[in-house]
Structures are given as C-alpha cells and as structure tokens.
Amino acid sequence: MTPHASAKTQRDKDELSRIVVDCAFKMHVEIGPGLLESVYEAVLEKLLIKRGLKVYRQKAIPVKVMGLSLNEGFRADLIVEDILLIELKSVEKLAPVHSKQVLTYLRLLNLPLGLLINFGDATFKEGCKRIVNGKQTFVSSCLRVNQKLNSENGKCS
C-alpha cells in the first residue's frame with residue numbers, strides 16, 4: 001500500500017466515504033440483517049469495484065509489536081483506494097470494542113479514516129460509524145445518503 005499523506009485530498013476521503021456509505025445503505029435496505037459478515041463483505045467489495053474503486057479484501061496485514069514481527073497480525077475486511085479501511089460486522093449491536101478495533105487497525109496501517117458498518121442493527125444509521133485516526137484537521141464527512149458539503153459554510157446539506 002502506498003502512503004496516504006499526500007496521495008489523496010480530503011475531498012477524496014469524503015467522496016470515498018460517501019460512495020461506501022451509499023453502497024452499504026442500499027445493501028442494508030435490500031438485503032437486511034441475518035447473513036454472515038463474509039456475505040456482506042463480498043457484496044460490498046463487488047459494488048465498490050463496479051463503482052471504479054480499487055478494493056483489497058481480507059488483506060493480511062503484518063504487524064510489529066513488542067519486538068515481534070507477525071507476518072499476519074490481522075486481516076483487514078476491506079481497504080479502499082489505500083486510504084479508507086472498512087470493518088464490517090453482522091451483530092445485533094455494536095460494542096465499544098469494535099470502534100477501538102478499527103482505530104487500532106488505522107494506527108497500524110497509518111490510514112486516516114475508517115468506517116465501521118454493522119448490518120445487524122435495526123437501522124443503518126445505528127450501525128455506521130466513522131472513525132478518524134489522529135487529530136481531525138478537516139470538516140466531518142457528510143455520511144448521509146444524498147447529502148453534499150456546502151463549500152460556503154462547510155456544512156452538510
């Protein structure tokens with residue numbers, strides 16, 4: 001994976017987030033809860049590829065911790081355009097540890113942004129969390145479907 005710092009602008013991050021959220025929302029409406037996480041992962045991967053995005057699925061991530069090198073520290077569910085990590089769940093309710101897991105993955109990968117999406121929640125809004133790695137120096141992403149960032153006031157419309 002390539003470093004993200006100068007490769008993508010904030011607009012790119014927000015646009016990637018919007019595309020992913022749009023696809024995941026449509027999946028939540030059409031498919032609903034009850035399938036295995038791996039099914040949602042495979043469908044989302046295909047939808048994102050159809051939208052022209054580069055997607056890595058179940059990418060093995062080496063980790064160096066406490067003086068040890070692990071060839072496969074964890075597997076990332078989806079990484080989009082080398083900039084956005086997507087962690088998928090299919091559980092009744094998200095737990096605080098799920099957000100911490102995504103933040104740890106972001107730090108290990110040195111990625112700026114992650115989405116935690118749970119297809120088991122009753123509503124998509126309850127099951128979609130945006131997680132930022134490090135100091136947030138940009139306007140929050142407009143995650144709701146069909147919303148755009150107003151360049152004059154920096155707010156979602």
# chains A, B, ... in the order shown; residues from 1 in each chain; ligands from 1
>>> residues_around(residues="Val43 of chain A", least_positions_apart="5", cutoff="12 Å", atoms="only C-alpha atoms", output="list in words")
Val20, Cys23, Ala24, Lys26, Met27, His28, Glu30, Ile31, Leu35, Leu36, Glu37, Ser38, Leu48, Ile49, Lys50, Arg57, Leu78 and Leu88 of chain A
>>> select_by_dssp(residues="segment 38-157 of chain A", states="strand (DSSP E)", output="PyMOL selection string")
chain A and resi 55-65+68-80+84-89+113-118+128-132
>>> residues_around(residues="Lys64 of chain A", least_positions_apart="5", cutoff="9 Å", atoms="only C-alpha atoms", output="list in words")
Ser69, Leu70, Asn71, Gly73 and Leu108 of chain A
>>> atom_distance(atom1="atom CA of Asn118 of chain A", atom2="atom CA of Gly134 of chain A")
22.9 Å
>>> atom_distance(atom1="atom CA of Gln58 of chain A", atom2="atom CA of Pro33 of chain A")
21.3 Å
>>> atom_distance(atom1="atom CA of His98 of chain A", atom2="atom CA of Leu53 of chain A")
25.2 Å
>>> residues_around(residues="Ala60 of chain A", least_positions_apart="5", cutoff="10 Å", atoms="only C-alpha atoms", output="list in words")
Asn71, Glu72, Gly73, Phe74, Arg75, Ala76 and Asp77 of chain A
>>> write_last_selection(atoms="N, CA and C atoms", output="PDB file, in the first residue's frame")
ATOM      1  N   ASN A  71       3.825 -12.012  10.491  1.00  0.00           N
ATOM      2  CA  ASN A  71       3.521 -11.878   9.069  1.00  0.00           C
ATOM      3  C   ASN A  71       2.052 -11.582   8.822  1.00  0.00           C
ATOM      4  N   GLU A  72       1.197 -12.068   9.707  1.00  0.00           N
ATOM      5  CA  GLU A  72      -0.233 -11.847   9.555  1.00  0.00           C
ATOM      6  C   GLU A  72      -0.810 -11.458  10.905  1.00  0.00           C
ATOM      7  N   GLY A  73      -0.666 -10.179  11.249  1.00  0.00           N
ATOM      8  CA  GLY A  73      -1.170  -9.689  12.521  1.00  0.00           C
ATOM      9  C   GLY A  73      -2.683  -9.663  12.563  1.00  0.00           C
ATOM     10  N   PHE A  74      -3.281  -9.281  11.437  1.00  0.00           N
ATOM     11  CA  PHE A  74      -4.730  -9.291  11.302  1.00  0.00           C
ATOM     12  C   PHE A  74      -5.070  -9.216   9.829  1.00  0.00           C
ATOM     13  N   ARG A  75      -6.331  -9.390   9.523  1.00  0.00           N
ATOM     14  CA  ARG A  75      -6.819  -9.259   8.147  1.00  0.00           C
ATOM     15  C   ARG A  75      -7.820  -8.115   8.098  1.00  0.00           C
ATOM     16  N   ALA A  76      -7.572  -7.191   7.195  1.00  0.00           N
ATOM     17  CA  ALA A  76      -8.484  -6.066   7.008  1.00  0.00           C
ATOM     18  C   ALA A  76      -9.646  -6.535   6.153  1.00  0.00           C
ATOM     19  N   ASP A  77     -10.873  -6.269   6.597  1.00  0.00           N
ATOM     20  CA  ASP A  77     -12.038  -6.667   5.801  1.00  0.00           C
ATOM     21  C   ASP A  77     -11.941  -6.073   4.402  1.00  0.00           C
TER      22      ASP A  77
END
>>> residues_around(residues="Lys13 of chain A", least_positions_apart="6", cutoff="9 Å", atoms="only C-alpha atoms", output="MDAnalysis selection string")
chainID A and resid 83:84 112:113 141
>>> closest_residue(among="A:Phe25, A:Tyr56, A:Tyr40, A:Tyr105", to="Gly127 of chain A", atoms="only C-alpha atoms")
A:Phe25
>>> select_by_dssp(residues="segment 27-148 of chain A", states="alpha helix (DSSP H)", output="ChimeraX atom specification")
/A:27-30,37-50,96-109
>>> closest_residue(among="A:Glu81, A:Gly67, A:Leu103, A:Val29", to="Lys54 of chain A", atoms="only C-alpha atoms")
A:Glu81
>>> residues_around(residues="Val102 of chain A", least_positions_apart="2", cutoff="9 Å", atoms="only C-alpha atoms", output="short mmCIF file (atom, residue, chain, number, x, y, z; two decimals) with N, CA and C atoms, in the first residue's frame")
data_model
loop_
_atom_site.label_atom_id
_atom_site.label_comp_id
_atom_site.auth_asym_id
_atom_site.auth_seq_id
_atom_site.Cartn_x
_atom_site.Cartn_y
_atom_site.Cartn_z
N LEU A 85 -10.28 2.30 5.44
CA LEU A 85 -10.46 0.96 5.98
C LEU A 85 -11.94 0.76 6.29
N ILE A 86 -12.47 -0.39 5.91
CA ILE A 86 -13.85 -0.72 6.23
C ILE A 86 -13.85 -2.00 7.05
N GLU A 87 -14.42 -1.92 8.23
CA GLU A 87 -14.58 -3.08 9.10
C GLU A 87 -16.07 -3.38 9.16
N VAL A 97 -15.79 -1.91 21.93
CA VAL A 97 -14.54 -2.54 21.48
C VAL A 97 -14.43 -2.56 19.96
N HIS A 98 -15.54 -2.55 19.25
CA HIS A 98 -15.50 -2.57 17.79
C HIS A 98 -14.87 -1.28 17.24
N SER A 99 -15.22 -0.15 17.81
CA SER A 99 -14.62 1.12 17.39
C SER A 99 -13.14 1.16 17.73
N LYS A 100 -12.79 0.64 18.89
CA LYS A 100 -11.38 0.60 19.30
C LYS A 100 -10.58 -0.29 18.35
N THR A 104 -7.36 0.93 16.17
CA THR A 104 -6.08 0.22 16.23
C THR A 104 -5.62 -0.17 14.84
N TYR A 105 -6.51 -0.69 14.02
CA TYR A 105 -6.17 -1.05 12.64
C TYR A 105 -5.68 0.17 11.86
N LEU A 106 -6.38 1.29 12.02
CA LEU A 106 -5.99 2.52 11.33
C LEU A 106 -4.58 2.95 11.74
N ARG A 107 -4.30 2.86 13.01
CA ARG A 107 -2.97 3.26 13.50
C ARG A 107 -1.89 2.32 12.97
N GLY A 114 -11.57 5.34 8.80
CA GLY A 114 -12.19 4.03 8.78
C GLY A 114 -13.70 4.14 8.94
N LEU A 115 -14.38 3.16 8.39
CA LEU A 115 -15.83 3.04 8.58
C LEU A 115 -16.10 1.69 9.23
N LEU A 116 -16.87 1.72 10.30
CA LEU A 116 -17.34 0.52 10.97
C LEU A 116 -18.81 0.39 10.61
N ILE A 131 -14.63 6.64 11.84
CA ILE A 131 -13.56 6.68 12.82
C ILE A 131 -12.33 7.32 12.18
#
>>> decode(residues="segment 15-62 of chain A", atoms="N, CA and C atoms", output="short mmCIF file (atom, residue, chain, number, x, y, z; two decimals), in the first residue's frame")
data_model
loop_
_atom_site.label_atom_id
_atom_site.label_comp_id
_atom_site.auth_asym_id
_atom_site.auth_seq_id
_atom_site.Cartn_x
_atom_site.Cartn_y
_atom_site.Cartn_z
N GLU A 15 -15.34 11.73 -0.52
CA GLU A 15 -16.03 11.11 -1.65
C GLU A 15 -16.01 9.58 -1.51
N LEU A 16 -14.88 9.02 -1.11
CA LEU A 16 -14.81 7.57 -0.87
C LEU A 16 -15.81 7.16 0.21
N SER A 17 -15.87 7.93 1.29
CA SER A 17 -16.81 7.63 2.37
C SER A 17 -18.24 7.66 1.86
N ARG A 18 -18.56 8.67 1.05
CA ARG A 18 -19.92 8.78 0.52
C ARG A 18 -20.28 7.59 -0.35
N ILE A 19 -19.35 7.18 -1.20
CA ILE A 19 -19.61 6.04 -2.09
C ILE A 19 -19.84 4.77 -1.27
N VAL A 20 -18.98 4.53 -0.29
CA VAL A 20 -19.10 3.33 0.54
C VAL A 20 -20.41 3.35 1.32
N VAL A 21 -20.73 4.48 1.93
CA VAL A 21 -21.96 4.59 2.72
C VAL A 21 -23.18 4.41 1.82
N ASP A 22 -23.14 4.98 0.64
CA ASP A 22 -24.26 4.82 -0.30
C ASP A 22 -24.47 3.34 -0.65
N CYS A 23 -23.38 2.65 -0.98
CA CYS A 23 -23.50 1.22 -1.32
C CYS A 23 -23.97 0.40 -0.12
N ALA A 24 -23.40 0.67 1.05
CA ALA A 24 -23.75 -0.10 2.25
C ALA A 24 -25.20 0.17 2.65
N PHE A 25 -25.65 1.42 2.52
CA PHE A 25 -27.04 1.75 2.83
C PHE A 25 -28.00 0.97 1.92
N LYS A 26 -27.70 0.95 0.64
CA LYS A 26 -28.53 0.20 -0.30
C LYS A 26 -28.55 -1.29 0.04
N MET A 27 -27.40 -1.82 0.46
CA MET A 27 -27.34 -3.22 0.88
C MET A 27 -28.21 -3.45 2.11
N HIS A 28 -28.12 -2.54 3.08
CA HIS A 28 -28.89 -2.69 4.31
C HIS A 28 -30.38 -2.71 4.02
N VAL A 29 -30.82 -1.84 3.09
CA VAL A 29 -32.24 -1.77 2.73
C VAL A 29 -32.65 -3.03 1.96
N GLU A 30 -31.86 -3.42 0.98
CA GLU A 30 -32.24 -4.52 0.10
C GLU A 30 -32.04 -5.90 0.73
N ILE A 31 -30.93 -6.09 1.41
CA ILE A 31 -30.60 -7.42 1.96
C ILE A 31 -31.12 -7.57 3.38
N GLY A 32 -30.91 -6.53 4.20
CA GLY A 32 -31.31 -6.59 5.60
C GLY A 32 -30.36 -7.41 6.43
N PRO A 33 -30.68 -7.59 7.72
CA PRO A 33 -29.81 -8.34 8.63
C PRO A 33 -29.97 -9.85 8.45
N GLY A 34 -29.04 -10.59 9.04
CA GLY A 34 -29.21 -12.05 9.11
C GLY A 34 -28.20 -12.87 8.35
N LEU A 35 -27.41 -12.26 7.48
CA LEU A 35 -26.41 -13.02 6.75
C LEU A 35 -25.06 -12.96 7.47
N LEU A 36 -24.17 -13.83 7.07
CA LEU A 36 -22.82 -13.80 7.62
C LEU A 36 -22.09 -12.56 7.15
N GLU A 37 -21.17 -12.09 7.98
CA GLU A 37 -20.34 -10.94 7.64
C GLU A 37 -19.65 -11.13 6.30
N SER A 38 -19.19 -12.33 6.03
CA SER A 38 -18.46 -12.60 4.78
C SER A 38 -19.31 -12.35 3.54
N VAL A 39 -20.62 -12.55 3.64
CA VAL A 39 -21.51 -12.29 2.50
C VAL A 39 -21.60 -10.79 2.25
N TYR A 40 -21.82 -10.01 3.32
CA TYR A 40 -21.88 -8.56 3.17
C TYR A 40 -20.56 -8.03 2.60
N GLU A 41 -19.47 -8.59 3.08
CA GLU A 41 -18.14 -8.17 2.62
C GLU A 41 -17.96 -8.42 1.13
N ALA A 42 -18.35 -9.60 0.67
CA ALA A 42 -18.21 -9.94 -0.75
C ALA A 42 -19.10 -9.05 -1.62
N VAL A 43 -20.32 -8.79 -1.16
CA VAL A 43 -21.24 -7.95 -1.94
C VAL A 43 -20.72 -6.52 -2.00
N LEU A 44 -20.29 -5.99 -0.85
CA LEU A 44 -19.79 -4.61 -0.83
C LEU A 44 -18.55 -4.47 -1.69
N GLU A 45 -17.67 -5.45 -1.64
CA GLU A 45 -16.48 -5.42 -2.49
C GLU A 45 -16.88 -5.30 -3.96
N LYS A 46 -17.81 -6.13 -4.41
CA LYS A 46 -18.24 -6.12 -5.82
C LYS A 46 -18.89 -4.78 -6.19
N LEU A 47 -19.72 -4.23 -5.30
CA LEU A 47 -20.37 -2.95 -5.57
C LEU A 47 -19.35 -1.82 -5.71
N LEU A 48 -18.34 -1.83 -4.85
CA LEU A 48 -17.31 -0.78 -4.89
C LEU A 48 -16.45 -0.90 -6.14
N ILE A 49 -16.14 -2.13 -6.54
CA ILE A 49 -15.38 -2.34 -7.77
C ILE A 49 -16.19 -1.86 -8.97
N LYS A 50 -17.49 -2.13 -8.96
CA LYS A 50 -18.36 -1.65 -10.04
C LYS A 50 -18.38 -0.12 -10.12
N ARG A 51 -18.12 0.53 -8.99
CA ARG A 51 -18.07 2.00 -8.95
C ARG A 51 -16.68 2.52 -9.34
N GLY A 52 -15.78 1.61 -9.75
CA GLY A 52 -14.47 2.01 -10.24
C GLY A 52 -13.41 2.18 -9.17
N LEU A 53 -13.63 1.63 -7.99
CA LEU A 53 -12.67 1.79 -6.91
C LEU A 53 -11.74 0.57 -6.81
N LYS A 54 -10.54 0.83 -6.34
CA LYS A 54 -9.58 -0.24 -6.07
C LYS A 54 -9.85 -0.73 -4.64
N VAL A 55 -10.12 -2.04 -4.52
CA VAL A 55 -10.51 -2.60 -3.23
C VAL A 55 -9.67 -3.83 -2.92
N TYR A 56 -9.11 -3.86 -1.72
CA TYR A 56 -8.44 -5.06 -1.20
C TYR A 56 -9.40 -5.71 -0.22
N ARG A 57 -9.57 -7.01 -0.33
CA ARG A 57 -10.45 -7.74 0.58
C ARG A 57 -9.65 -8.78 1.36
N GLN A 58 -9.86 -8.82 2.66
CA GLN A 58 -9.19 -9.76 3.56
C GLN A 58 -7.67 -9.72 3.38
N LYS A 59 -7.15 -8.51 3.29
CA LYS A 59 -5.71 -8.31 3.11
C LYS A 59 -4.98 -8.61 4.42
N ALA A 60 -4.02 -9.52 4.34
CA ALA A 60 -3.21 -9.84 5.51
C ALA A 60 -2.29 -8.67 5.81
N ILE A 61 -2.30 -8.23 7.06
CA ILE A 61 -1.51 -7.08 7.46
C ILE A 61 -0.43 -7.53 8.45
N PRO A 62 0.84 -7.39 8.06
CA PRO A 62 1.91 -7.72 9.01
C PRO A 62 1.96 -6.67 10.12
#
